[in-house]
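Undergrad: Here it is: the structure, laid out below.
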Amino acid sequence: MLYFFILGDVLGAGVYVLVGQVAADAGGAVWVPLVVALCLALLTAASYAELVTKYPRAGGASHYATLAYGPFAGFLAGFCMLAAGIVSVGALARGFGGDYLSEFVTLPVVLVVIVFLGALALLNARGISESTRANTVATVIEVGGLVLVIGLGAWIVLRGDGDVGRLVDLGTPENGPAAAVLSGAVLAYYSFVGFETSVNVAEETRDPRRAYPRALFGALVTAGAVYALVGAAAAAAVPTGKLAESSGPLLEVVRAAGGVPTEVFSAIALVAVANGALLTGIMSSRLAYGMARDGLLPGFLTKVLPGRRTPWAAIAATTALSLLLALTGDVATLASTLVLLLLVVFFFVNTALLVLRRDAVAHDHFKAPTAVPVLGAVSCVVLATQIERDVWLRGLLVLAVGATLGVVAAVRLRRAR
């Protein structure tokens, strides 16, 4: 179930909309930046695997940064992670009420968002077991949709309507091959984020030391293989220009192949969006609970349901914020700072691992080579340099709010001690 939890979160809505944008930046060889992004994601994943098996408890990046640098850094890392998760759920809720849903029914976006987020909150509060079972079913459907795209792309090539020559077409008039790979990798990296959400449910597994690394690396490699094949199928089946201009690039493959109703693929995309929102909502609520348990957020967020022991207060608070964002912003605005916030979090995680190497624990745990967290931190800096100026301005505003609240939390904890 942990494997499917991670795979379901990684194989979210991103791949259904980002293939066209990666093609616009990198050219027809869409699979190249996807593979590069996988390698970069594996670096930070290895750091997470060591920290999770060494300190298996909710709180994730916030907890690790607190141990390594103190409460201020811990709050800032957790705040960025929490903000990214809340923004992501709001964006996905907004996206759920968009074009894919309009293939079936036209409803007010406000109504869709309220019902959608309410249903997710109830499932989250029901329990982690029920949520992961729903995720397992949704993940099978998501993977089925991507396998369908791969099969249709192969069929288009076999019948002579595709062009495999586009698979080695790397670069655009604006970017040479190297710049194209790096630019495309920034977008492709978004498709792999999601593995970090599993940190906050690691302590709910029976044996995190054994289960977590296997599930994490297995899920990422599986997602990487699926993404590379999807990118190759889309690029070979659809002209690069058409792929780049489409807001539903994988739907273009379905249309080009014929024989499969577009409503079927739209339904699969809706499942992908809903599943991504569910898993990110689980992460956000567990992270808020973990930070509150560490004294970094108000104590009422640690309240749990008497029978099921799920953090109902954290679920209600994070859902309410996601609802507010979804009702006041559009998808593009909500998603614009997500990658930047996560790069800040990943930088904290990689550097915290190096600091915490001197902290010995009694139990065995996974250990990554020292070069891995170093390269992981460097990769975060490199990718951050490729993010646009407007996104940086929005991201810095969020960081300023987090820093201010972090100072307050640090002072309060010092006085309490």
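By order of appearance in the structure tokens: chains A, B, ..., then residues from 1 within every chain, and ligands from 1 in the order shown.
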Residues of segment 194-317 of chain A in alpha helix (DSSP H) according to DSSP, as a PyMOL selection string?

TA: chain A and resi 208-237+240-245+249-257+262-293+312-317

Undergrad: List the neighbours of Ala179 of chain A out to 12 Å using only C-alpha atoms; skip same-chain residues closer than 2 positions along the sequence, and give me the result as a list in words.

TA: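 The residues that qualify are Asp25, Ala26, Gly27, Pro33, Leu170, Gly171, Thr172, Pro173, Glu174, Asn175, Gly176, Pro177, Val181, Leu182, Ser183, Gly184, Ala185, Val186, Leu383 and Gln386 of chain A.
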
Undergrad: Can I get the residues of segment 188-232 of chain A within 9 Å of segment 364-375 of chain A, each with the closest pair of atoms and their distance in Å to one decimal, using only C-alpha atoms, sorted chain first then ascending number, as JSON lines?

TA:
```
{"residue": "A:Pro208", "atom": "CA", "partner": "A:His365", "partner_atom": "CA", "distance": 9.0}
{"residue": "A:Arg209", "atom": "CA", "partner": "A:His365", "partner_atom": "CA", "distance": 5.6}
{"residue": "A:Arg210", "atom": "CA", "partner": "A:His365", "partner_atom": "CA", "distance": 8.3}
{"residue": "A:Pro213", "atom": "CA", "partner": "A:Phe366", "partner_atom": "CA", "distance": 7.4}
```

Undergrad: Distance table requested - segment 170-232 of chain A against segment 41-48 of chain A, cut-off 9 Å, only C-alpha atoms: one row per qualifying residue with the closest atom pair and its distance in Å to one decimal, ordered by chain and rising residue number, as CSV.

TA:
```
residue,atom,partner,partner_atom,distance
A:Tyr189,CA,A:Ala41,CA,7.2
A:Phe192,CA,A:Ala41,CA,6.8
A:Val193,CA,A:Ala41,CA,7.6
A:Phe195,CA,A:Ala45,CA,7.5
A:Glu196,CA,A:Tyr48,CA,7.6
A:Val199,CA,A:Tyr48,CA,7.6
A:Pro213,CA,A:Ala46,CA,8.0
A:Leu216,CA,A:Ala45,CA,7.4
A:Phe217,CA,A:Leu42,CA,7.5
A:Leu220,CA,A:Leu42,CA,7.5
A:Val221,CA,A:Leu42,CA,8.6
```

Undergrad: For Ala119 of chain A, please output as an NGL selection string all residues within 12 Å (counting only C-alpha atoms; exclusion window: fewer than 3 positions along the same chain).

TA: :A and (93 or 112-116 or 122-126 or 131 or 274-275 or 277-278 or 281 or 315-316 or 319)

Undergrad: What is the distance, in Å and to one decimal place, between atom CA of Gly376 of chain A and atom CA of Thr351 of chain A?

TA: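 Those two atoms sit 8.7 Å apart.
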